[in-house]
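S.K.: Quick one, target.txt (compact mmCIF, N, CA and C atoms):
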```txt
# COMPACT_ATOMS: atom_id res chain seq x y z
N MET A 1 21.07 31.62 -3.78
CA MET A 1 22.45 31.21 -3.86
C MET A 1 23.23 31.82 -2.70
N VAL A 2 24.17 31.07 -2.21
CA VAL A 2 25.05 31.54 -1.15
C VAL A 2 26.46 31.53 -1.71
N GLN A 3 27.21 32.61 -1.43
CA GLN A 3 28.57 32.67 -1.95
C GLN A 3 29.54 32.54 -0.79
N THR A 4 30.49 31.59 -0.91
CA THR A 4 31.52 31.39 0.10
C THR A 4 32.86 31.31 -0.59
N ASP A 5 33.77 32.23 -0.26
CA ASP A 5 35.12 32.21 -0.82
C ASP A 5 35.14 31.99 -2.33
N SER A 6 34.44 32.79 -3.05
CA SER A 6 34.37 32.76 -4.52
C SER A 6 33.70 31.51 -5.08
N THR A 7 33.08 30.70 -4.21
CA THR A 7 32.34 29.54 -4.66
C THR A 7 30.86 29.82 -4.46
N VAL A 8 30.08 29.61 -5.48
CA VAL A 8 28.64 29.81 -5.38
C VAL A 8 27.98 28.47 -5.09
N VAL A 9 27.27 28.43 -3.96
CA VAL A 9 26.60 27.21 -3.54
C VAL A 9 25.10 27.49 -3.53
N PRO A 10 24.31 26.66 -4.22
CA PRO A 10 22.87 26.89 -4.21
C PRO A 10 22.33 26.74 -2.79
N SER A 11 21.51 27.67 -2.36
CA SER A 11 20.94 27.59 -1.02
C SER A 11 19.71 26.69 -1.07
N ILE A 12 19.49 25.97 0.01
CA ILE A 12 18.35 25.09 0.12
C ILE A 12 17.36 25.75 1.06
N THR A 13 16.14 25.88 0.61
CA THR A 13 15.12 26.53 1.42
C THR A 13 14.73 25.63 2.59
N ASP A 14 14.15 26.27 3.61
CA ASP A 14 13.67 25.49 4.75
C ASP A 14 12.61 24.49 4.33
N ASP A 15 11.75 24.90 3.38
CA ASP A 15 10.72 23.98 2.89
C ASP A 15 11.35 22.76 2.24
N GLU A 16 12.38 22.95 1.42
CA GLU A 16 13.04 21.83 0.76
C GLU A 16 13.69 20.90 1.78
N LYS A 17 14.30 21.47 2.81
CA LYS A 17 14.89 20.65 3.88
C LYS A 17 13.82 19.79 4.54
N LEU A 18 12.65 20.39 4.77
CA LEU A 18 11.54 19.65 5.37
C LEU A 18 11.12 18.50 4.47
N TYR A 19 10.98 18.75 3.16
CA TYR A 19 10.54 17.71 2.24
C TYR A 19 11.57 16.60 2.13
N VAL A 20 12.84 16.93 2.20
CA VAL A 20 13.89 15.90 2.19
C VAL A 20 13.76 15.02 3.43
N GLU A 21 13.54 15.63 4.59
CA GLU A 21 13.38 14.86 5.83
C GLU A 21 12.14 13.97 5.77
N LEU A 22 11.06 14.51 5.25
CA LEU A 22 9.84 13.70 5.12
C LEU A 22 10.05 12.55 4.14
N TRP A 23 10.80 12.78 3.07
CA TRP A 23 11.11 11.76 2.07
C TRP A 23 11.88 10.61 2.70
N VAL A 24 12.90 10.95 3.49
CA VAL A 24 13.70 9.93 4.17
C VAL A 24 12.83 9.18 5.18
N SER A 25 11.96 9.90 5.86
CA SER A 25 11.05 9.25 6.82
C SER A 25 10.09 8.30 6.12
N LEU A 26 9.60 8.68 4.95
CA LEU A 26 8.71 7.80 4.19
C LEU A 26 9.43 6.51 3.80
N ALA A 27 10.67 6.62 3.35
CA ALA A 27 11.45 5.42 3.00
C ALA A 27 11.65 4.53 4.23
N SER A 28 11.92 5.15 5.37
CA SER A 28 12.11 4.40 6.60
C SER A 28 10.83 3.68 7.02
N LEU A 29 9.69 4.36 6.89
CA LEU A 29 8.41 3.72 7.19
C LEU A 29 8.15 2.54 6.27
N LEU A 30 8.42 2.71 4.99
CA LEU A 30 8.24 1.61 4.03
C LEU A 30 9.15 0.43 4.38
N ARG A 31 10.37 0.72 4.77
CA ARG A 31 11.32 -0.34 5.15
C ARG A 31 10.79 -1.09 6.37
N SER A 32 10.33 -0.36 7.38
CA SER A 32 9.84 -0.98 8.61
C SER A 32 8.57 -1.79 8.38
N TYR A 33 7.63 -1.22 7.64
CA TYR A 33 6.36 -1.91 7.42
C TYR A 33 6.50 -3.12 6.49
N THR A 34 7.36 -3.06 5.49
CA THR A 34 7.54 -4.25 4.64
C THR A 34 8.20 -5.36 5.46
N ALA A 35 9.13 -4.99 6.34
CA ALA A 35 9.76 -5.99 7.20
C ALA A 35 8.73 -6.63 8.13
N ALA A 36 7.87 -5.81 8.72
CA ALA A 36 6.85 -6.33 9.63
C ALA A 36 5.87 -7.25 8.90
N HIS A 37 5.45 -6.87 7.71
CA HIS A 37 4.49 -7.68 6.96
C HIS A 37 5.12 -8.95 6.39
N GLY A 38 6.42 -9.00 6.31
CA GLY A 38 7.10 -10.18 5.80
C GLY A 38 7.48 -11.19 6.86
N LEU A 39 7.29 -10.87 8.13
CA LEU A 39 7.74 -11.74 9.21
C LEU A 39 7.11 -13.12 9.19
N ASN A 40 5.80 -13.21 9.05
CA ASN A 40 5.13 -14.52 9.12
C ASN A 40 5.54 -15.45 8.01
N GLY A 41 5.76 -14.93 6.82
CA GLY A 41 6.09 -15.79 5.69
C GLY A 41 7.56 -15.79 5.35
N ASN A 42 8.39 -15.23 6.23
CA ASN A 42 9.82 -15.15 5.97
C ASN A 42 10.09 -14.52 4.60
N ARG A 43 9.36 -13.42 4.33
CA ARG A 43 9.50 -12.69 3.07
C ARG A 43 10.20 -11.36 3.33
N GLN A 44 10.96 -10.91 2.34
CA GLN A 44 11.67 -9.64 2.47
C GLN A 44 11.44 -8.78 1.25
N ALA A 45 11.50 -7.48 1.46
CA ALA A 45 11.43 -6.52 0.37
C ALA A 45 12.71 -5.68 0.41
N THR A 46 13.08 -5.13 -0.74
CA THR A 46 14.19 -4.19 -0.76
C THR A 46 13.62 -2.79 -0.95
N VAL A 47 14.21 -1.84 -0.24
CA VAL A 47 13.82 -0.44 -0.34
C VAL A 47 15.05 0.35 -0.73
N GLU A 48 15.01 0.92 -1.92
CA GLU A 48 16.13 1.72 -2.42
C GLU A 48 15.73 3.18 -2.32
N LEU A 49 16.57 3.97 -1.65
CA LEU A 49 16.29 5.38 -1.43
C LEU A 49 17.29 6.24 -2.19
N GLY A 50 16.78 7.16 -2.99
CA GLY A 50 17.60 8.16 -3.67
C GLY A 50 17.04 9.54 -3.36
N GLU A 51 17.72 10.57 -3.78
CA GLU A 51 17.27 11.93 -3.50
C GLU A 51 15.90 12.22 -4.08
N GLN A 52 15.61 11.62 -5.23
CA GLN A 52 14.34 11.90 -5.91
C GLN A 52 13.49 10.65 -6.13
N LYS A 53 13.99 9.46 -5.74
CA LYS A 53 13.26 8.23 -6.04
C LYS A 53 13.38 7.23 -4.90
N ILE A 54 12.25 6.56 -4.62
CA ILE A 54 12.21 5.41 -3.72
C ILE A 54 11.65 4.26 -4.55
N LEU A 55 12.32 3.12 -4.49
CA LEU A 55 11.84 1.92 -5.17
C LEU A 55 11.77 0.80 -4.15
N VAL A 56 10.57 0.22 -4.01
CA VAL A 56 10.35 -0.89 -3.09
C VAL A 56 10.01 -2.10 -3.94
N ARG A 57 10.74 -3.21 -3.72
CA ARG A 57 10.52 -4.42 -4.52
C ARG A 57 10.35 -5.64 -3.62
N HIS A 58 9.40 -6.47 -4.02
CA HIS A 58 9.20 -7.77 -3.38
C HIS A 58 8.81 -8.75 -4.48
N GLY A 59 9.73 -9.64 -4.82
CA GLY A 59 9.46 -10.56 -5.92
C GLY A 59 9.24 -9.78 -7.21
N ASP A 60 8.12 -10.08 -7.88
CA ASP A 60 7.79 -9.38 -9.12
C ASP A 60 7.03 -8.08 -8.87
N GLU A 61 6.64 -7.83 -7.63
CA GLU A 61 5.86 -6.64 -7.29
C GLU A 61 6.80 -5.48 -6.95
N TRP A 62 6.38 -4.27 -7.26
CA TRP A 62 7.18 -3.09 -6.93
C TRP A 62 6.30 -1.87 -6.73
N LEU A 63 6.85 -0.91 -6.04
CA LEU A 63 6.24 0.40 -5.84
C LEU A 63 7.34 1.42 -6.10
N SER A 64 7.07 2.36 -6.99
CA SER A 64 8.03 3.40 -7.34
C SER A 64 7.46 4.76 -6.95
N LEU A 65 8.27 5.55 -6.25
CA LEU A 65 7.88 6.91 -5.87
C LEU A 65 8.94 7.87 -6.38
N GLU A 66 8.52 8.97 -6.98
CA GLU A 66 9.44 10.00 -7.46
C GLU A 66 9.02 11.33 -6.86
N ARG A 67 10.01 12.07 -6.32
CA ARG A 67 9.72 13.33 -5.63
C ARG A 67 10.34 14.51 -6.37
N ILE A 68 9.53 15.57 -6.50
CA ILE A 68 10.01 16.87 -6.96
C ILE A 68 9.47 17.88 -5.96
N GLY A 69 10.33 18.40 -5.13
CA GLY A 69 9.89 19.30 -4.07
C GLY A 69 8.95 18.57 -3.14
N ALA A 70 7.76 19.13 -2.94
CA ALA A 70 6.76 18.52 -2.07
C ALA A 70 5.90 17.50 -2.80
N HIS A 71 6.04 17.41 -4.11
CA HIS A 71 5.17 16.56 -4.93
C HIS A 71 5.78 15.17 -5.12
N VAL A 72 4.94 14.16 -4.97
CA VAL A 72 5.36 12.77 -5.10
C VAL A 72 4.43 12.07 -6.08
N ARG A 73 5.01 11.45 -7.09
CA ARG A 73 4.25 10.63 -8.03
C ARG A 73 4.56 9.19 -7.70
N TRP A 74 3.50 8.36 -7.53
CA TRP A 74 3.72 6.95 -7.23
C TRP A 74 3.10 6.07 -8.31
N GLN A 75 3.71 4.89 -8.45
CA GLN A 75 3.21 3.90 -9.40
C GLN A 75 3.50 2.51 -8.86
N ARG A 76 2.54 1.61 -9.04
CA ARG A 76 2.71 0.21 -8.62
C ARG A 76 2.89 -0.67 -9.84
N SER A 77 3.39 -1.87 -9.61
CA SER A 77 3.60 -2.83 -10.69
C SER A 77 2.29 -3.24 -11.35
N ASP A 78 1.17 -3.09 -10.67
CA ASP A 78 -0.12 -3.46 -11.27
C ASP A 78 -0.70 -2.34 -12.15
N GLY A 79 0.05 -1.25 -12.29
CA GLY A 79 -0.38 -0.16 -13.15
C GLY A 79 -1.08 0.99 -12.45
N THR A 80 -1.40 0.84 -11.17
CA THR A 80 -2.04 1.96 -10.47
C THR A 80 -1.03 3.08 -10.27
N ILE A 81 -1.51 4.30 -10.39
CA ILE A 81 -0.66 5.47 -10.25
C ILE A 81 -1.39 6.53 -9.43
N GLY A 82 -0.64 7.49 -8.94
CA GLY A 82 -1.25 8.59 -8.20
C GLY A 82 -0.25 9.70 -7.96
N GLN A 83 -0.78 10.80 -7.48
CA GLN A 83 0.03 11.98 -7.14
C GLN A 83 -0.24 12.32 -5.69
N LEU A 84 0.81 12.67 -4.98
CA LEU A 84 0.69 13.09 -3.59
C LEU A 84 1.47 14.37 -3.39
N GLN A 85 1.20 15.02 -2.26
CA GLN A 85 1.97 16.20 -1.91
C GLN A 85 2.19 16.17 -0.40
N PHE A 86 3.44 16.36 0.04
CA PHE A 86 3.73 16.46 1.46
C PHE A 86 3.11 17.74 2.01
N THR A 87 2.56 17.66 3.21
CA THR A 87 2.12 18.85 3.92
C THR A 87 3.19 19.19 4.96
N GLU A 88 3.16 20.40 5.45
CA GLU A 88 4.14 20.80 6.47
C GLU A 88 3.95 20.03 7.76
N ALA A 89 2.77 19.43 7.95
CA ALA A 89 2.48 18.64 9.14
C ALA A 89 2.94 17.19 9.01
N GLY A 90 3.58 16.85 7.89
CA GLY A 90 4.06 15.48 7.69
C GLY A 90 3.01 14.53 7.18
N GLN A 91 1.95 15.06 6.63
CA GLN A 91 0.91 14.23 6.03
C GLN A 91 1.09 14.23 4.52
N LEU A 92 0.29 13.41 3.86
CA LEU A 92 0.29 13.37 2.41
C LEU A 92 -1.11 13.69 1.91
N ARG A 93 -1.16 14.56 0.92
CA ARG A 93 -2.43 14.99 0.34
C ARG A 93 -2.47 14.49 -1.09
N GLY A 94 -3.63 13.93 -1.51
CA GLY A 94 -3.78 13.53 -2.90
C GLY A 94 -4.29 12.12 -3.04
N ASP A 95 -3.88 11.46 -4.14
CA ASP A 95 -4.30 10.10 -4.44
C ASP A 95 -3.47 9.13 -3.60
N THR A 96 -4.05 8.65 -2.52
CA THR A 96 -3.31 7.81 -1.57
C THR A 96 -3.31 6.34 -1.92
N GLY A 97 -4.09 5.94 -2.92
CA GLY A 97 -4.10 4.54 -3.31
C GLY A 97 -5.10 3.71 -2.54
N GLU A 98 -6.04 4.35 -1.87
CA GLU A 98 -7.07 3.62 -1.15
C GLU A 98 -7.81 2.72 -2.12
N GLU A 99 -7.92 1.45 -1.81
CA GLU A 99 -8.54 0.47 -2.70
C GLU A 99 -9.94 0.91 -3.09
N GLY A 100 -10.21 0.85 -4.39
CA GLY A 100 -11.53 1.19 -4.88
C GLY A 100 -11.73 2.66 -5.20
N LEU A 101 -10.79 3.51 -4.81
CA LEU A 101 -10.96 4.93 -5.05
C LEU A 101 -10.08 5.44 -6.18
N LEU A 102 -8.89 4.89 -6.32
CA LEU A 102 -7.90 5.53 -7.16
C LEU A 102 -7.21 4.56 -8.10
N GLY A 103 -6.45 5.13 -9.02
CA GLY A 103 -5.53 4.34 -9.80
C GLY A 103 -6.01 3.99 -11.18
N LYS A 104 -6.39 2.74 -11.38
CA LYS A 104 -6.69 2.24 -12.72
C LYS A 104 -7.83 3.00 -13.37
N GLU A 105 -7.89 2.94 -14.67
CA GLU A 105 -8.94 3.63 -15.43
C GLU A 105 -10.31 3.24 -14.90
N GLY A 106 -11.20 4.22 -14.87
CA GLY A 106 -12.56 3.96 -14.47
C GLY A 106 -12.82 4.13 -12.99
N ARG A 107 -11.80 4.30 -12.20
CA ARG A 107 -12.01 4.50 -10.77
C ARG A 107 -12.17 5.98 -10.47
N VAL A 108 -12.95 6.27 -9.47
CA VAL A 108 -13.16 7.65 -9.05
C VAL A 108 -11.98 8.06 -8.18
N SER A 109 -11.53 9.29 -8.34
CA SER A 109 -10.40 9.79 -7.56
C SER A 109 -10.88 10.87 -6.60
N TYR A 110 -10.58 10.70 -5.33
CA TYR A 110 -10.90 11.70 -4.32
C TYR A 110 -9.61 12.21 -3.71
N GLU A 111 -9.52 13.50 -3.53
CA GLU A 111 -8.33 14.03 -2.87
C GLU A 111 -8.54 13.94 -1.37
N VAL A 112 -7.60 13.31 -0.71
CA VAL A 112 -7.67 13.14 0.74
C VAL A 112 -6.34 13.55 1.36
N VAL A 113 -6.37 13.81 2.65
CA VAL A 113 -5.16 14.06 3.43
C VAL A 113 -5.07 12.94 4.44
N GLU A 114 -3.92 12.28 4.47
CA GLU A 114 -3.76 11.13 5.35
C GLU A 114 -2.37 11.14 5.97
N GLU A 115 -2.26 10.54 7.14
CA GLU A 115 -0.97 10.45 7.81
C GLU A 115 -0.02 9.59 6.97
N MET A 116 1.23 10.00 6.92
CA MET A 116 2.23 9.32 6.10
C MET A 116 2.40 7.85 6.52
N ASP A 117 2.36 7.57 7.82
CA ASP A 117 2.56 6.19 8.25
C ASP A 117 1.41 5.28 7.84
N MET A 118 0.20 5.81 7.76
CA MET A 118 -0.94 5.00 7.34
C MET A 118 -0.82 4.62 5.86
N ILE A 119 -0.38 5.55 5.05
CA ILE A 119 -0.20 5.27 3.62
C ILE A 119 0.93 4.27 3.43
N ALA A 120 2.05 4.47 4.13
CA ALA A 120 3.19 3.56 4.01
C ALA A 120 2.80 2.14 4.44
N GLU A 121 2.03 2.03 5.51
CA GLU A 121 1.62 0.70 5.98
C GLU A 121 0.73 0.01 4.95
N ARG A 122 -0.20 0.75 4.36
CA ARG A 122 -1.10 0.16 3.36
C ARG A 122 -0.32 -0.29 2.12
N TRP A 123 0.61 0.57 1.65
CA TRP A 123 1.43 0.19 0.50
C TRP A 123 2.24 -1.06 0.81
N ALA A 124 2.85 -1.11 2.01
CA ALA A 124 3.67 -2.27 2.39
C ALA A 124 2.81 -3.53 2.47
N ARG A 125 1.64 -3.43 3.08
CA ARG A 125 0.73 -4.58 3.19
C ARG A 125 0.35 -5.11 1.82
N ASP A 126 -0.01 -4.20 0.91
CA ASP A 126 -0.39 -4.62 -0.44
C ASP A 126 0.78 -5.26 -1.17
N LEU A 127 1.96 -4.71 -1.01
CA LEU A 127 3.14 -5.21 -1.70
C LEU A 127 3.56 -6.59 -1.17
N MET A 128 3.43 -6.78 0.14
CA MET A 128 3.91 -8.01 0.78
C MET A 128 2.87 -9.11 0.81
N ARG A 129 1.67 -8.82 0.38
CA ARG A 129 0.60 -9.82 0.37
C ARG A 129 1.03 -11.01 -0.46
N GLU A 130 0.83 -12.20 0.09
CA GLU A 130 1.22 -13.41 -0.65
C GLU A 130 0.28 -13.60 -1.85
N SER A 131 0.84 -14.11 -2.92
CA SER A 131 0.04 -14.40 -4.11
C SER A 131 -0.99 -15.46 -3.80
N GLN A 132 -2.20 -15.24 -4.29
CA GLN A 132 -3.27 -16.22 -4.09
C GLN A 132 -3.27 -17.20 -5.25
N PRO A 133 -3.33 -18.52 -4.98
CA PRO A 133 -3.30 -19.52 -6.07
C PRO A 133 -4.55 -19.47 -6.91
```
For this file, write the structure as structure tokens.

M.R.:
Amino acid sequence: MVQTDSTVVPSITDDEKLYVELWVSLASLLRSYTAAHGLNGNRQATVELGEQKILVRHGDEWLSLERIGAHVRWQRSDGTIGQLQFTEAGQLRGDTGEEGLLGKEGRVSYEVVEEMDMIAERWARDLMRESQP
């Protein structure tokens, strides 16, 4: 806590500042990649950013991310879920949602460390994929 003129203001640690910056960067990457993947089909996604939540929606599909400190819990509209953790290097460690490895019951889960932009691009690609008839 920091006290200024009889007002007590909670202090924010350097680590928390880093995680907030990484959170905003992740939302920006999701916004950019969903826009890029929607160009050919004139499709758009909405990306809502809050202090603790990011929600990406395209039609009936969605991706929800919730952050507590460095920890991020993600869930997709198809029921897949996972846990991630920001690293100080700007990477994400944990269940990244790699197809065939994570999420739904019965799948094997491997902990991996991956660049944040690679995860955001994969999530955006999956979300923006056109429905197959």

S.K.: Using only C-alpha atoms, find all polymer residues with an atom at most 12 Å away from the point (8.2, 11.2, 1.4); report them as a PyMOL selection string.

M.R.: chain A and resi 16-30+49-55+64-74+83-88+90-93+115-117+119-120

S.K.: For the atom pair atom C of Thr13 (chain A) and atom C of Ala89 (chain A), what is the interatomic distance in Å to one decimal place?

M.R.: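 So the answer is 15.9 Å.
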
S.K.: Quote the spacing between atom N of Leu63 (chain A) and CA of Ile12 (chain A) in Å to one decimal place.

M.R.: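 Between atom N of Leu63 (chain A) and CA of Ile12 (chain A) the gap works out to 29.1 Å.
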
S.K.: By how many Å are atom C of Leu127 (chain A) and CA of Gly94 (chain A) apart?

M.R.: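 We find that atom C of Leu127 (chain A) and CA of Gly94 (chain A) lie 21.5 Å from each other.
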
S.K.: Please write as an MDAnalysis selection string the list of polymer residues whose atoms come within 6 Å of (-0.9, -5.8, 5.0), counting only N, CA and C atoms and keeping to the coordinates of the file.

M.R.: chainID A and resid 124:126

S.K.: Around all the atoms of region 45-57 of chain A listed in the file, with 3 Å of room on each side, what axis-aligned box do you get, giving centre and edge lengths in Å to one decimal, as JSON?

M.R.:
```
{"center_x": 13.9, "center_y": 2.4, "center_z": -2.3, "size_x": 13.7, "size_y": 25.7, "size_z": 13.6}
```

S.K.: Using DSSP on the backbone coordinates, identify the residues of region 6-128 of chain A assigned to helix (DSSP H, G or I); present them as number ranges by chain.

M.R.: A: 14-38, 116-128

S.K.: Using all atoms listed in the file, which of A:Asp14, A:Gln44, A:Gly82, A:Ser32 sits nearest Gly59 (chain A)?

M.R.: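 Selected residue with least distance to Gly59 (chain A): A:Gln44.
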
S.K.: As a PyMOL selection string, please: all residues of region 16-108 of chain A that backbone DSSP puts in strand (DSSP E).

M.R.: chain A and resi 46-49+53-58+61-68+71-76+81-86+91-94
